[in-house]
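Comments concern the structure below.
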Amino acid sequence: ITQPVSSENNDEKELFGLSVDTSTLTLNVGETRELKVSLNPDYYLADSLHFYSDDKSVAWVYPYIGGHVIGTSAGTATIQVSARLDKNKVKLSPEDNGERSVMVKVTVTEPALSESQKTALEKLEEAELSGRGIYLRERAVITGVLAADAPRLTLDEVNRIVDPSQPCEKVWKTLMDAQIYPDYYDTGDPTSLVYWLDDRGQEVIGIQDFSMIHYSRADENGVLQEVQYLYPERQEPIYPTETTANVLFRNYHEVYGSPYTPELQEQLYGLSVDTSALTLNVGETRELKVSLNPDYYLADSLHFYSDDKSVAWVYPYIGGHVIGTSAGTATIQVSAKLDKNKVMLSPEDNGERSVMVKVTVTEPTLSESQKAALKKLEEAEKNGRGIYLRERAIITGVLAADAPRLTLDEANRIVDPSQPCEKVWKTLMDAQIYPDYYDTGDPTSLVYWLDNRGQEVIGIQDFSIIHYSRADENGVLQEVQYLYPERQEPIYPTETTTNVMFRNYHEVYGGPYTPEPVQGIATMLGDANCDGSIDVSDAVLIARFAAEDREATMTDQGRKNADVTHDGNVDGQDTTKILQYIAKQISLEDLAK
């Protein structure tokens, strides 16, 4: 594009690229998360992005910078993310003020708290009622979201960040990225934040009005001793004569008491998951990203468990890949065990720490042929003790029927006997997220077919053995070669019994599913969401997908449709071309070129 796109469309739904990385967000009380927003700067006024919560008692949001959302109490709230179009670049009707908005539903849950946590939180809320703000860091420490000894900003670090030559918004954003939990947020002034440089709040960095940043130092009673303005320009220190203790300091120490010291079993030591809620279609799989502090946890103790495997399966050890198997809700427990040699634990504490992820599995709209195929596949699964993951994904439209498979050469490159088995398995799963078969009776077993019939197979067992096998067209084993833990010579068995997995797939189920072509929908170039039309929703989906938004999923056909520039990628160039078509700058024929 060489000129801004001008639109004659006055529809309020024309968002011009404004999108958020998620439409739903689940937080624990005390937790904060940043909303990732994208918009087209060619259409929107600079600095017009704004965030608003319709229930600040449940979820606070920083109005301007970064969109950090804070869970303050259990309940639901809606965050409105807005920006204003530039009337010089987009033609708007007289009654249209140019504001565009997208909504994010936030659910805040009350974590299971011990009696000491509940008491501390109640006392902290008393201190907050005495002022007009919330002690964000302390809330996070009490509820176990943040370790009590998590590093704070230092004055040297702040001095490096607070660069008077930079715009204030950038400086504030850099501070928030360096320390996502400020100590205090003044709810009466949404442009004000306070970072303590120590646990008592005697040394403080304060941000006010998006324009001033200062350092202050108080004595042990909170009486101000020194103030130095760092931004918009660095000034000489001021030594005030005021002897009244700072209200924030007084409420924290006199009303609340002192920093909370978690009981040992309340400390998570950095164990966290990238999401507390996950939505999948039947047949879809997603990997949970887990972080923990390896200095405290036993190696290889990370474990995943589903409380309802009929709704959502999870690979117990490697990677945390969750599979949606039927409509409903389930909870995934992510656990790891602390090393008693590194962390002092009480005799009754076994060191296990856990976080929970709520999984909602939805039933996609299926054609009659898809329903019939899924029902037949389930019959085959009942005859065995596993699930045909790849076939489920194909039937439900999550995966294209002709999606590439692993090849024997690729598997031989991945299965390196010099590497730990966990790393080899993880690399296989990253290369092919949908294995053909998962043995639910043995959670350490996976099978990858190298062809559509399952005659050539890579099998993983017990986290310790990986083998290649070849069968004839009836599923009778002809050759086995062990690839891991060491590569061995092929074995040619005399056993003539047909493999159960193979027999159920072909005799009970009937063979690979061939999706029916959807005329005028799935094959329409530009129709990224495959809904039969080309509109802004397709452009937004492509933009989110290109930005690696985990919530922005596309089928293989959708990705083919999205590539309107025919360069093999789904990226901003495709978004631009589709917006040109929507703005009637190019024809449908031009879009397809």
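As shown in the structure tokens, the chain order sets the letters A, B, ...; within each chain, residues go from 1, and ligands are also counted from 1 in the order they appear.
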Tell me which protein, DNA and RNA residues are within 12 Å of Leu18 in chain A, counting only C-alpha atoms, leaving out same-chain ones fewer than 5 positions away, and put them as a PyMOL selection string.
chain A and resi 13+36-44+48-50+81-85+99-103+536-537+539-541+543-544
Would you please extract all alpha helix (DSSP H) residues from range 153-253 of chain A, as assigned by DSSP on the backbone, and give them as number ranges by chain?
A: 155-161, 168-178, 247-250
Go ahead and dump the residues you just picked, N, CA, C and O atoms, as a PDB file, in the first residue's frame.
```
ATOM      1  N   LEU A 155      17.521   1.114  42.567  1.00  0.00           N
ATOM      2  CA  LEU A 155      17.653   2.497  42.132  1.00  0.00           C
ATOM      3  C   LEU A 155      18.531   2.595  40.886  1.00  0.00           C
ATOM      4  O   LEU A 155      18.245   3.370  39.970  1.00  0.00           O
ATOM      5  N   ASP A 156      19.590   1.782  40.831  1.00  0.00           N
ATOM      6  CA  ASP A 156      20.455   1.791  39.647  1.00  0.00           C
ATOM      7  C   ASP A 156      19.664   1.368  38.409  1.00  0.00           C
ATOM      8  O   ASP A 156      19.805   1.968  37.329  1.00  0.00           O
ATOM      9  N   GLU A 157      18.833   0.342  38.563  1.00  0.00           N
ATOM     10  CA  GLU A 157      18.034  -0.132  37.431  1.00  0.00           C
ATOM     11  C   GLU A 157      17.046   0.945  36.978  1.00  0.00           C
ATOM     12  O   GLU A 157      16.866   1.185  35.781  1.00  0.00           O
ATOM     13  N   VAL A 158      16.417   1.608  37.949  1.00  0.00           N
ATOM     14  CA  VAL A 158      15.467   2.668  37.622  1.00  0.00           C
ATOM     15  C   VAL A 158      16.168   3.809  36.904  1.00  0.00           C
ATOM     16  O   VAL A 158      15.660   4.353  35.923  1.00  0.00           O
ATOM     17  N   ASN A 159      17.336   4.176  37.369  1.00  0.00           N
ATOM     18  CA  ASN A 159      18.073   5.274  36.731  1.00  0.00           C
ATOM     19  C   ASN A 159      18.418   4.953  35.282  1.00  0.00           C
ATOM     20  O   ASN A 159      18.461   5.837  34.430  1.00  0.00           O
ATOM     21  N   ARG A 160      18.663   3.652  35.014  1.00  0.00           N
ATOM     22  CA  ARG A 160      18.943   3.263  33.623  1.00  0.00           C
ATOM     23  C   ARG A 160      17.668   3.336  32.775  1.00  0.00           C
ATOM     24  O   ARG A 160      17.708   3.715  31.603  1.00  0.00           O
ATOM     25  N   ILE A 161      16.514   2.955  33.375  1.00  0.00           N
ATOM     26  CA  ILE A 161      15.250   2.923  32.638  1.00  0.00           C
ATOM     27  C   ILE A 161      14.711   4.330  32.385  1.00  0.00           C
ATOM     28  O   ILE A 161      14.231   4.639  31.295  1.00  0.00           O
ATOM     29  N   CYS A 168       7.521   9.610  27.849  1.00  0.00           N
ATOM     30  CA  CYS A 168       7.138   9.087  29.163  1.00  0.00           C
ATOM     31  C   CYS A 168       6.431   7.742  29.044  1.00  0.00           C
ATOM     32  O   CYS A 168       6.623   6.846  29.861  1.00  0.00           O
ATOM     33  N   GLU A 169       5.585   7.598  27.997  1.00  0.00           N
ATOM     34  CA  GLU A 169       4.854   6.345  27.832  1.00  0.00           C
ATOM     35  C   GLU A 169       5.816   5.169  27.693  1.00  0.00           C
ATOM     36  O   GLU A 169       5.595   4.097  28.255  1.00  0.00           O
ATOM     37  N   LYS A 170       6.899   5.374  26.944  1.00  0.00           N
ATOM     38  CA  LYS A 170       7.873   4.302  26.754  1.00  0.00           C
ATOM     39  C   LYS A 170       8.587   3.989  28.062  1.00  0.00           C
ATOM     40  O   LYS A 170       8.842   2.817  28.394  1.00  0.00           O
ATOM     41  N   VAL A 171       8.912   5.027  28.825  1.00  0.00           N
ATOM     42  CA  VAL A 171       9.597   4.833  30.102  1.00  0.00           C
ATOM     43  C   VAL A 171       8.699   4.055  31.058  1.00  0.00           C
ATOM     44  O   VAL A 171       9.134   3.083  31.701  1.00  0.00           O
ATOM     45  N   TRP A 172       7.436   4.457  31.157  1.00  0.00           N
ATOM     46  CA  TRP A 172       6.490   3.781  32.046  1.00  0.00           C
ATOM     47  C   TRP A 172       6.346   2.322  31.616  1.00  0.00           C
ATOM     48  O   TRP A 172       6.395   1.401  32.431  1.00  0.00           O
ATOM     49  N   LYS A 173       6.200   2.104  30.305  1.00  0.00           N
ATOM     50  CA  LYS A 173       6.030   0.737  29.803  1.00  0.00           C
ATOM     51  C   LYS A 173       7.247  -0.109  30.136  1.00  0.00           C
ATOM     52  O   LYS A 173       7.136  -1.281  30.521  1.00  0.00           O
ATOM     53  N   THR A 174       8.444   0.472  30.031  1.00  0.00           N
ATOM     54  CA  THR A 174       9.665  -0.281  30.341  1.00  0.00           C
ATOM     55  C   THR A 174       9.720  -0.625  31.824  1.00  0.00           C
ATOM     56  O   THR A 174      10.125  -1.731  32.206  1.00  0.00           O
ATOM     57  N   LEU A 175       9.287   0.312  32.672  1.00  0.00           N
ATOM     58  CA  LEU A 175       9.226   0.022  34.103  1.00  0.00           C
ATOM     59  C   LEU A 175       8.254  -1.116  34.387  1.00  0.00           C
ATOM     60  O   LEU A 175       8.548  -2.029  35.159  1.00  0.00           O
ATOM     61  N   MET A 176       7.084  -1.075  33.749  1.00  0.00           N
ATOM     62  CA  MET A 176       6.078  -2.105  33.994  1.00  0.00           C
ATOM     63  C   MET A 176       6.528  -3.462  33.471  1.00  0.00           C
ATOM     64  O   MET A 176       6.214  -4.504  34.057  1.00  0.00           O
ATOM     65  N   ASP A 177       7.282  -3.465  32.369  1.00  0.00           N
ATOM     66  CA  ASP A 177       7.810  -4.730  31.862  1.00  0.00           C
ATOM     67  C   ASP A 177       8.863  -5.294  32.807  1.00  0.00           C
ATOM     68  O   ASP A 177       8.990  -6.513  32.960  1.00  0.00           O
ATOM     69  N   ALA A 178       9.640  -4.388  33.422  1.00  0.00           N
ATOM     70  CA  ALA A 178      10.680  -4.824  34.351  1.00  0.00           C
ATOM     71  C   ALA A 178      10.087  -5.299  35.664  1.00  0.00           C
ATOM     72  O   ALA A 178      10.651  -6.176  36.336  1.00  0.00           O
ATOM     73  N   VAL A 247       0.670   8.690  53.799  1.00  0.00           N
ATOM     74  CA  VAL A 247      -0.562   7.920  54.055  1.00  0.00           C
ATOM     75  C   VAL A 247      -0.403   6.466  53.627  1.00  0.00           C
ATOM     76  O   VAL A 247      -0.791   5.545  54.345  1.00  0.00           O
ATOM     77  N   LEU A 248       0.172   6.260  52.464  1.00  0.00           N
ATOM     78  CA  LEU A 248       0.358   4.906  51.953  1.00  0.00           C
ATOM     79  C   LEU A 248       1.225   4.089  52.910  1.00  0.00           C
ATOM     80  O   LEU A 248       0.931   2.937  53.218  1.00  0.00           O
ATOM     81  N   PHE A 249       2.299   4.687  53.395  1.00  0.00           N
ATOM     82  CA  PHE A 249       3.202   4.032  54.338  1.00  0.00           C
ATOM     83  C   PHE A 249       2.489   3.727  55.654  1.00  0.00           C
ATOM     84  O   PHE A 249       2.576   2.631  56.193  1.00  0.00           O
ATOM     85  N   ARG A 250       1.726   4.723  56.147  1.00  0.00           N
ATOM     86  CA  ARG A 250       1.043   4.563  57.433  1.00  0.00           C
ATOM     87  C   ARG A 250      -0.002   3.453  57.377  1.00  0.00           C
ATOM     88  O   ARG A 250      -0.085   2.600  58.265  1.00  0.00           O
TER      89      ARG A 250
END
```
Determine, counting only C-alpha atoms, which protein, DNA and RNA residues have an atom within 8 Å of an atom of Tyr437 in chain A; residues of the same chain fewer than 4 positions away are not included. Present the result as number ranges by chain.
A: 386-390, 446-448
Residue subset to file, keeping all heavy atoms, as a PDB file, in the first residue's frame:
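And here is the file that came out, result-v8.pdb:
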```pdb
ATOM      1  N   GLY A 386      -7.424 -46.616  23.410  1.00  0.00           N
ATOM      2  CA  GLY A 386      -6.778 -45.355  23.069  1.00  0.00           C
ATOM      3  C   GLY A 386      -7.641 -44.510  22.169  1.00  0.00           C
ATOM      4  O   GLY A 386      -8.800 -44.834  21.906  1.00  0.00           O
ATOM      5  N   ILE A 387      -7.070 -43.392  21.719  1.00  0.00           N
ATOM      6  CA  ILE A 387      -7.806 -42.478  20.846  1.00  0.00           C
ATOM      7  C   ILE A 387      -6.958 -42.142  19.623  1.00  0.00           C
ATOM      8  O   ILE A 387      -5.735 -41.984  19.710  1.00  0.00           O
ATOM      9  CB  ILE A 387      -8.224 -41.184  21.594  1.00  0.00           C
ATOM     10  CG1 ILE A 387      -7.073 -40.575  22.371  1.00  0.00           C
ATOM     11  CG2 ILE A 387      -9.408 -41.419  22.487  1.00  0.00           C
ATOM     12  CD1 ILE A 387      -7.430 -39.321  23.132  1.00  0.00           C
ATOM     13  N   TYR A 388      -7.638 -42.078  18.483  1.00  0.00           N
ATOM     14  CA  TYR A 388      -6.994 -41.760  17.215  1.00  0.00           C
ATOM     15  C   TYR A 388      -6.984 -40.234  17.060  1.00  0.00           C
ATOM     16  O   TYR A 388      -7.904 -39.636  16.494  1.00  0.00           O
ATOM     17  CB  TYR A 388      -7.746 -42.410  16.055  1.00  0.00           C
ATOM     18  CG  TYR A 388      -7.719 -43.927  16.082  1.00  0.00           C
ATOM     19  CD1 TYR A 388      -8.707 -44.644  16.731  1.00  0.00           C
ATOM     20  CD2 TYR A 388      -6.699 -44.626  15.456  1.00  0.00           C
ATOM     21  CE1 TYR A 388      -8.687 -46.033  16.756  1.00  0.00           C
ATOM     22  CE2 TYR A 388      -6.663 -46.021  15.475  1.00  0.00           C
ATOM     23  CZ  TYR A 388      -7.664 -46.719  16.126  1.00  0.00           C
ATOM     24  OH  TYR A 388      -7.631 -48.097  16.151  1.00  0.00           O
ATOM     25  N   LEU A 389      -5.943 -39.603  17.564  1.00  0.00           N
ATOM     26  CA  LEU A 389      -5.912 -38.141  17.667  1.00  0.00           C
ATOM     27  C   LEU A 389      -5.922 -37.455  16.307  1.00  0.00           C
ATOM     28  O   LEU A 389      -6.687 -36.520  16.080  1.00  0.00           O
ATOM     29  CB  LEU A 389      -4.672 -37.697  18.444  1.00  0.00           C
ATOM     30  CG  LEU A 389      -4.600 -38.117  19.904  1.00  0.00           C
ATOM     31  CD1 LEU A 389      -3.316 -37.607  20.520  1.00  0.00           C
ATOM     32  CD2 LEU A 389      -5.791 -37.577  20.660  1.00  0.00           C
ATOM     33  N   ARG A 390      -5.066 -37.884  15.418  1.00  0.00           N
ATOM     34  CA  ARG A 390      -4.976 -37.215  14.122  1.00  0.00           C
ATOM     35  C   ARG A 390      -6.292 -37.346  13.365  1.00  0.00           C
ATOM     36  O   ARG A 390      -6.781 -36.371  12.779  1.00  0.00           O
ATOM     37  CB  ARG A 390      -3.833 -37.809  13.310  1.00  0.00           C
ATOM     38  CG  ARG A 390      -3.688 -37.164  11.921  1.00  0.00           C
ATOM     39  CD  ARG A 390      -2.603 -37.844  11.100  1.00  0.00           C
ATOM     40  NE  ARG A 390      -2.610 -37.357   9.731  1.00  0.00           N
ATOM     41  CZ  ARG A 390      -1.734 -36.503   9.211  1.00  0.00           C
ATOM     42  NH1 ARG A 390      -0.777 -36.015   9.960  1.00  0.00           N
ATOM     43  NH2 ARG A 390      -1.824 -36.124   7.949  1.00  0.00           N
ATOM     44  N   LEU A 446       2.862 -43.390  22.652  1.00  0.00           N
ATOM     45  CA  LEU A 446       2.326 -42.658  21.506  1.00  0.00           C
ATOM     46  C   LEU A 446       2.708 -43.398  20.224  1.00  0.00           C
ATOM     47  O   LEU A 446       3.735 -44.078  20.187  1.00  0.00           O
ATOM     48  CB  LEU A 446       2.923 -41.254  21.407  1.00  0.00           C
ATOM     49  CG  LEU A 446       2.387 -40.141  22.294  1.00  0.00           C
ATOM     50  CD1 LEU A 446       3.143 -38.859  21.969  1.00  0.00           C
ATOM     51  CD2 LEU A 446       0.916 -39.925  22.085  1.00  0.00           C
ATOM     52  N   VAL A 447       1.896 -43.232  19.198  1.00  0.00           N
ATOM     53  CA  VAL A 447       2.193 -43.859  17.920  1.00  0.00           C
ATOM     54  C   VAL A 447       2.048 -42.820  16.806  1.00  0.00           C
ATOM     55  O   VAL A 447       1.024 -42.125  16.730  1.00  0.00           O
ATOM     56  CB  VAL A 447       1.253 -45.055  17.638  1.00  0.00           C
ATOM     57  CG1 VAL A 447       1.528 -45.624  16.247  1.00  0.00           C
ATOM     58  CG2 VAL A 447       1.425 -46.138  18.698  1.00  0.00           C
ATOM     59  N   TYR A 448       3.071 -42.705  15.960  1.00  0.00           N
ATOM     60  CA  TYR A 448       3.021 -41.875  14.759  1.00  0.00           C
ATOM     61  C   TYR A 448       3.038 -42.781  13.537  1.00  0.00           C
ATOM     62  O   TYR A 448       3.940 -43.615  13.395  1.00  0.00           O
ATOM     63  CB  TYR A 448       4.240 -40.943  14.697  1.00  0.00           C
ATOM     64  CG  TYR A 448       4.241 -39.849  15.725  1.00  0.00           C
ATOM     65  CD1 TYR A 448       4.945 -39.991  16.923  1.00  0.00           C
ATOM     66  CD2 TYR A 448       3.568 -38.658  15.503  1.00  0.00           C
ATOM     67  CE1 TYR A 448       4.955 -38.975  17.868  1.00  0.00           C
ATOM     68  CE2 TYR A 448       3.577 -37.638  16.439  1.00  0.00           C
ATOM     69  CZ  TYR A 448       4.267 -37.812  17.615  1.00  0.00           C
ATOM     70  OH  TYR A 448       4.279 -36.814  18.553  1.00  0.00           O
TER      71      TYR A 448
END
```
With only C-alpha atoms as the basis for distance, which of A:Thr26, A:Gln202, A:Asp183, A:Arg234 is at the shortest distance from Val359 in chain A?
A:Thr26
Enumerate the residues of range 9-157 of chain A with a DSSP assignment of strand (DSSP E or B), computed from the backbone, and present them as a ChimeraX atom specification.
/A:19-20,24-28,32-34,37-38,44,50-53,59-61,68-71,75-85,99-109,133-134
